[in-house]
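Asker: This is the structure, below, for whatever I ask next.
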Amino acid sequence: KHENAVCRLKEASSLWSRMWNQARKKIRHALLLEARRQAWFGRKGPLRGVTKLTEWLSSHPSLGHFLHRQAAWVQPCQLPQNQAIFQDPNFERLRDGISHAETLLAEIQNAYVTGPSVGVITPDRFLLCEVSVEFGLPTEEHGAMRKFFFPEPQRLQGTWVLLAATGGATFYHHLLEVAPRFHLLQMAGIDISRVDGWIVNGQTAEFQSSTWKALGMDGAKIVSLDRKRLFQADRLLIPSLPSYPGHTPPWVVEFLRGRFLKEIPK
């Protein structure tokens, strides 16, 4: 009887915990909606909403523009029909190849960057969905969209490049989604000697520091994202992710081999 009572108590406690968490999320969501509707808290308060980079730039030509743009494309290949890859909506309508996203390089004045799930915020406080990813969640539920308050931004003078990506502190995402964004600068003809600084996921891991050195980046000009920091750059260069997260296009492989494996025989 004692064991049954303990089990029932644990079940009741678990039920109340789930109910409380659900209620808390609903209350928080309602408060955020009201805060956005009333434009509470000013510059440090919650974000106004989500927008696309392409749409925002077209409506704010005085604050930003594209430096490079390459359309989405299909990589023809044979894919096994039973792979879990087809659970991804980007693949459901495509059975004869892999669809890769549009690649971009944009410049925006006075844009903000937050982390660790990287969020890029426009000067008028909208989250840019193409370059703001939180794994497993839509952009509307990104961590930056769930915040009531933001810290005072650290001002970055001059032209800064965003290389950080969500998950970029791990080797896989660093190698296939962070480092290749450097190539988009080259494609746009950017002279890196004229870049004032770089925003990255980190510098402590050896694979990070050795990458920055190999790319010719000055360590004194690098800042790292973390949960408590918010950066605002005079001019922020924003390379897009190479493609949809987890879908590596061939140009990424070619760039990595050419940049890091020059002395390695095929």
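In the structure tokens, each chain is lettered A, B, ... as it comes, each chain's residues begin at 1, and ligands are numbered from 1 in order of appearance.
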Just the residues within 9 Å of range 223-235 of chain A, please, counting only C-alpha atoms, with nothing from its chain fewer than 2 positions along; format it as a short mmCIF file (atom, residue, chain, number, x, y, z; two decimals) with N, CA, C and O atoms, in the first residue's frame.
Answerer:
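selection.cif, freshly written:
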data_model
loop_
_atom_site.label_atom_id
_atom_site.label_comp_id
_atom_site.auth_asym_id
_atom_site.auth_seq_id
_atom_site.Cartn_x
_atom_site.Cartn_y
_atom_site.Cartn_z
N GLY A 64 20.47 48.77 -45.90
CA GLY A 64 21.16 47.55 -46.26
C GLY A 64 20.96 47.17 -47.70
O GLY A 64 20.10 47.70 -48.40
N GLU A 107 24.59 43.22 -46.39
CA GLU A 107 25.15 44.20 -45.46
C GLU A 107 24.00 44.99 -44.86
O GLU A 107 23.13 45.50 -45.58
N ILE A 108 23.97 45.09 -43.52
CA ILE A 108 22.94 45.86 -42.83
C ILE A 108 23.61 46.78 -41.82
O ILE A 108 24.52 46.37 -41.10
N GLN A 109 23.16 48.01 -41.79
CA GLN A 109 23.68 48.97 -40.82
C GLN A 109 22.97 48.80 -39.48
O GLN A 109 21.75 48.67 -39.43
N ASN A 110 23.76 48.83 -38.41
CA ASN A 110 23.23 48.83 -37.03
C ASN A 110 22.42 47.58 -36.67
O ASN A 110 21.52 47.64 -35.82
N ALA A 111 22.73 46.45 -37.29
CA ALA A 111 22.05 45.20 -36.96
C ALA A 111 22.62 44.63 -35.65
O ALA A 111 23.75 44.91 -35.26
N TYR A 112 21.80 43.82 -34.98
CA TYR A 112 22.18 43.18 -33.72
C TYR A 112 22.42 41.68 -33.96
O TYR A 112 21.82 41.07 -34.86
N VAL A 113 23.27 41.09 -33.11
CA VAL A 113 23.49 39.64 -33.12
C VAL A 113 23.46 39.14 -31.69
O VAL A 113 24.10 39.70 -30.79
N THR A 114 22.71 38.06 -31.47
CA THR A 114 22.61 37.45 -30.15
C THR A 114 22.89 35.96 -30.28
O THR A 114 22.90 35.39 -31.38
N GLY A 115 23.13 35.29 -29.16
CA GLY A 115 23.42 33.86 -29.16
C GLY A 115 22.92 33.23 -27.87
O GLY A 115 22.26 33.90 -27.07
N PRO A 116 23.20 31.94 -27.63
CA PRO A 116 24.03 31.05 -28.43
C PRO A 116 23.33 30.47 -29.65
O PRO A 116 23.98 30.12 -30.62
N SER A 117 21.98 30.30 -29.61
CA SER A 117 21.27 30.03 -30.86
C SER A 117 21.25 31.34 -31.63
O SER A 117 20.60 32.30 -31.21
N VAL A 118 22.02 31.40 -32.70
CA VAL A 118 22.32 32.68 -33.34
C VAL A 118 21.03 33.35 -33.84
O VAL A 118 20.21 32.73 -34.53
N PRO A 123 17.69 46.69 -37.23
CA PRO A 123 17.68 47.89 -36.37
C PRO A 123 16.29 48.22 -35.82
O PRO A 123 16.17 48.79 -34.73
N PHE A 150 16.48 42.46 -23.33
CA PHE A 150 17.80 42.23 -23.90
C PHE A 150 18.81 43.08 -23.14
O PHE A 150 18.49 44.17 -22.67
N PRO A 151 20.06 42.60 -23.05
CA PRO A 151 21.09 43.41 -22.37
C PRO A 151 21.47 44.63 -23.21
O PRO A 151 21.13 44.72 -24.40
N GLU A 152 22.18 45.53 -22.58
CA GLU A 152 22.71 46.68 -23.32
C GLU A 152 23.68 46.17 -24.39
O GLU A 152 24.58 45.39 -24.10
N PRO A 153 23.50 46.56 -25.66
CA PRO A 153 24.36 46.02 -26.71
C PRO A 153 25.79 46.54 -26.62
O PRO A 153 26.03 47.68 -26.23
N GLN A 154 26.72 45.67 -26.98
CA GLN A 154 28.12 46.07 -27.10
C GLN A 154 28.33 46.57 -28.52
O GLN A 154 28.13 45.85 -29.49
N ARG A 155 28.72 47.83 -28.65
CA ARG A 155 28.85 48.46 -29.97
C ARG A 155 30.13 48.02 -30.65
O ARG A 155 31.22 48.02 -30.04
N LEU A 156 30.03 47.62 -31.91
CA LEU A 156 31.17 47.21 -32.71
C LEU A 156 31.37 48.25 -33.81
O LEU A 156 30.51 48.39 -34.69
N GLN A 157 32.48 48.96 -33.75
CA GLN A 157 32.73 50.04 -34.69
C GLN A 157 33.23 49.49 -36.02
O GLN A 157 34.05 48.58 -36.07
N GLY A 158 32.71 50.05 -37.12
CA GLY A 158 33.19 49.69 -38.44
C GLY A 158 32.43 48.53 -39.06
O GLY A 158 31.24 48.32 -38.77
N THR A 159 33.12 47.76 -39.89
CA THR A 159 32.51 46.65 -40.63
C THR A 159 32.87 45.31 -39.98
O THR A 159 34.05 44.99 -39.85
N TRP A 160 31.86 44.56 -39.61
CA TRP A 160 32.05 43.26 -38.95
C TRP A 160 31.34 42.17 -39.75
O TRP A 160 30.30 42.42 -40.37
N VAL A 161 31.91 40.97 -39.70
CA VAL A 161 31.36 39.83 -40.43
C VAL A 161 30.82 38.81 -39.43
O VAL A 161 31.50 38.44 -38.46
N ALA A 164 29.34 33.18 -37.04
CA ALA A 164 28.73 32.27 -36.07
C ALA A 164 27.43 31.69 -36.63
O ALA A 164 26.67 32.36 -37.33
N GLY A 197 36.34 43.37 -37.95
CA GLY A 197 36.22 42.32 -36.96
C GLY A 197 35.29 41.21 -37.39
O GLY A 197 34.58 41.31 -38.39
N TRP A 198 35.30 40.14 -36.59
CA TRP A 198 34.55 38.91 -36.89
C TRP A 198 33.76 38.47 -35.66
O TRP A 198 34.28 38.50 -34.54
N ILE A 199 32.53 38.04 -35.87
CA ILE A 199 31.70 37.50 -34.79
C ILE A 199 31.61 35.99 -35.00
O ILE A 199 31.13 35.52 -36.04
N VAL A 200 32.10 35.22 -34.02
CA VAL A 200 32.18 33.77 -34.17
C VAL A 200 31.53 33.10 -32.96
O VAL A 200 31.16 33.75 -31.98
N ASN A 201 31.42 31.76 -33.03
CA ASN A 201 30.88 31.00 -31.89
C ASN A 201 31.86 30.93 -30.75
O ASN A 201 31.46 30.93 -29.58
N GLY A 202 33.16 30.84 -31.06
CA GLY A 202 34.15 30.72 -30.00
C GLY A 202 35.55 30.63 -30.55
O GLY A 202 35.76 30.51 -31.77
N GLN A 203 36.53 30.66 -29.64
CA GLN A 203 37.93 30.60 -30.03
C GLN A 203 38.72 29.60 -29.18
O GLN A 203 39.90 29.40 -29.39
N GLY A 219 43.28 37.35 -34.67
CA GLY A 219 42.63 36.97 -33.41
C GLY A 219 42.23 38.15 -32.55
O GLY A 219 41.29 38.05 -31.76
N ALA A 220 42.92 39.27 -32.71
CA ALA A 220 42.59 40.46 -31.92
C ALA A 220 41.30 41.12 -32.40
O ALA A 220 40.75 41.98 -31.72
N LYS A 221 40.82 40.70 -33.57
CA LYS A 221 39.61 41.30 -34.14
C LYS A 221 38.41 40.36 -34.06
O LYS A 221 37.44 40.53 -34.79
N LEU A 237 28.15 42.42 -42.08
CA LEU A 237 28.10 41.58 -43.27
C LEU A 237 27.57 40.21 -42.84
O LEU A 237 28.12 39.58 -41.93
#
Asker: Within range 35-263 of chain A, find each residue whose DSSP state, derived from the backbone, is alpha helix (DSSP H), and express the selection as JSON, numbers by chain.
Answerer: {"A": [35, 36, 37, 38, 53, 54, 55, 56, 57, 58, 59, 89, 90, 91, 92, 171, 172, 173, 181, 182, 183, 184, 185, 186, 187, 206, 207, 208, 209, 210, 211, 212, 213, 214, 250, 251, 252, 253, 254, 255, 256, 257, 258, 259, 260]}
Asker: What separation in Å, quoted to one decimal, exists between CA of Val178 in chain A and CA of Met145 in chain A?
Answerer: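 Distance between the two atoms: 22.9 Å.
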Asker: Have a look at A:Lys52, A:His60, A:Arg69, A:His183 and name the one nearest to Glu102 in chain A; count only C-alpha atoms.
Answerer: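 Under the stated criterion, the closest residue is A:Arg69.
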Asker: If you count only C-alpha atoms, which residues fall within 10 Å of range 249-261 of chain A, apart from same-chain ones fewer than 3 positions away, as a PyMOL selection string?
Answerer: chain A and resi 73-75+98-101+175-177+179-183+211+214-215+242-244+246+264-266
Asker: Suppose we keep C-alpha atoms; can you now write the selection as a PDB file, in the first residue's frame?
Answerer:
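Output file result.pdb follows:
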ATOM      1  CA  TRP A  73      19.363  25.031 -57.060  1.00  0.00           C
ATOM      2  CA  VAL A  74      18.957  21.268 -57.388  1.00  0.00           C
ATOM      3  CA  GLN A  75      21.865  18.848 -57.142  1.00  0.00           C
ATOM      4  CA  ILE A  98      18.823  17.360 -53.378  1.00  0.00           C
ATOM      5  CA  SER A  99      17.400  20.879 -53.138  1.00  0.00           C
ATOM      6  CA  HIS A 100      19.840  23.506 -51.840  1.00  0.00           C
ATOM      7  CA  ALA A 101      18.834  26.885 -50.461  1.00  0.00           C
ATOM      8  CA  LEU A 175      33.296  22.702 -40.415  1.00  0.00           C
ATOM      9  CA  LEU A 176      30.293  22.485 -42.732  1.00  0.00           C
ATOM     10  CA  GLU A 177      28.230  25.569 -41.864  1.00  0.00           C
ATOM     11  CA  ALA A 179      33.879  28.030 -42.125  1.00  0.00           C
ATOM     12  CA  PRO A 180      32.309  27.856 -45.629  1.00  0.00           C
ATOM     13  CA  ARG A 181      30.553  31.193 -45.070  1.00  0.00           C
ATOM     14  CA  PHE A 182      33.986  32.763 -45.472  1.00  0.00           C
ATOM     15  CA  HIS A 183      33.851  31.664 -49.134  1.00  0.00           C
ATOM     16  CA  THR A 211      40.435  27.653 -38.620  1.00  0.00           C
ATOM     17  CA  ALA A 214      44.135  29.383 -41.648  1.00  0.00           C
ATOM     18  CA  LEU A 215      41.568  31.853 -43.009  1.00  0.00           C
ATOM     19  CA  PRO A 242      25.574  27.286 -47.121  1.00  0.00           C
ATOM     20  CA  SER A 243      22.224  25.511 -47.522  1.00  0.00           C
ATOM     21  CA  TYR A 244      19.495  23.977 -45.381  1.00  0.00           C
ATOM     22  CA  GLY A 246      22.483  19.305 -42.577  1.00  0.00           C
ATOM     23  CA  ILE A 264      47.277  16.296 -48.569  1.00  0.00           C
ATOM     24  CA  PRO A 265      47.478  13.893 -51.569  1.00  0.00           C
ATOM     25  CA  LYS A 266      44.113  12.861 -53.023  1.00  0.00           C
TER      26      LYS A 266
END
Asker: So, with only C-alpha atoms as the atoms that count, which of A:Ser193, A:Asn4, A:Gln22, A:Thr54 lies closest to Gly216 in chain A?
Answerer: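 Ranked by minimum distance to Gly216 in chain A, first place goes to A:Ser193.
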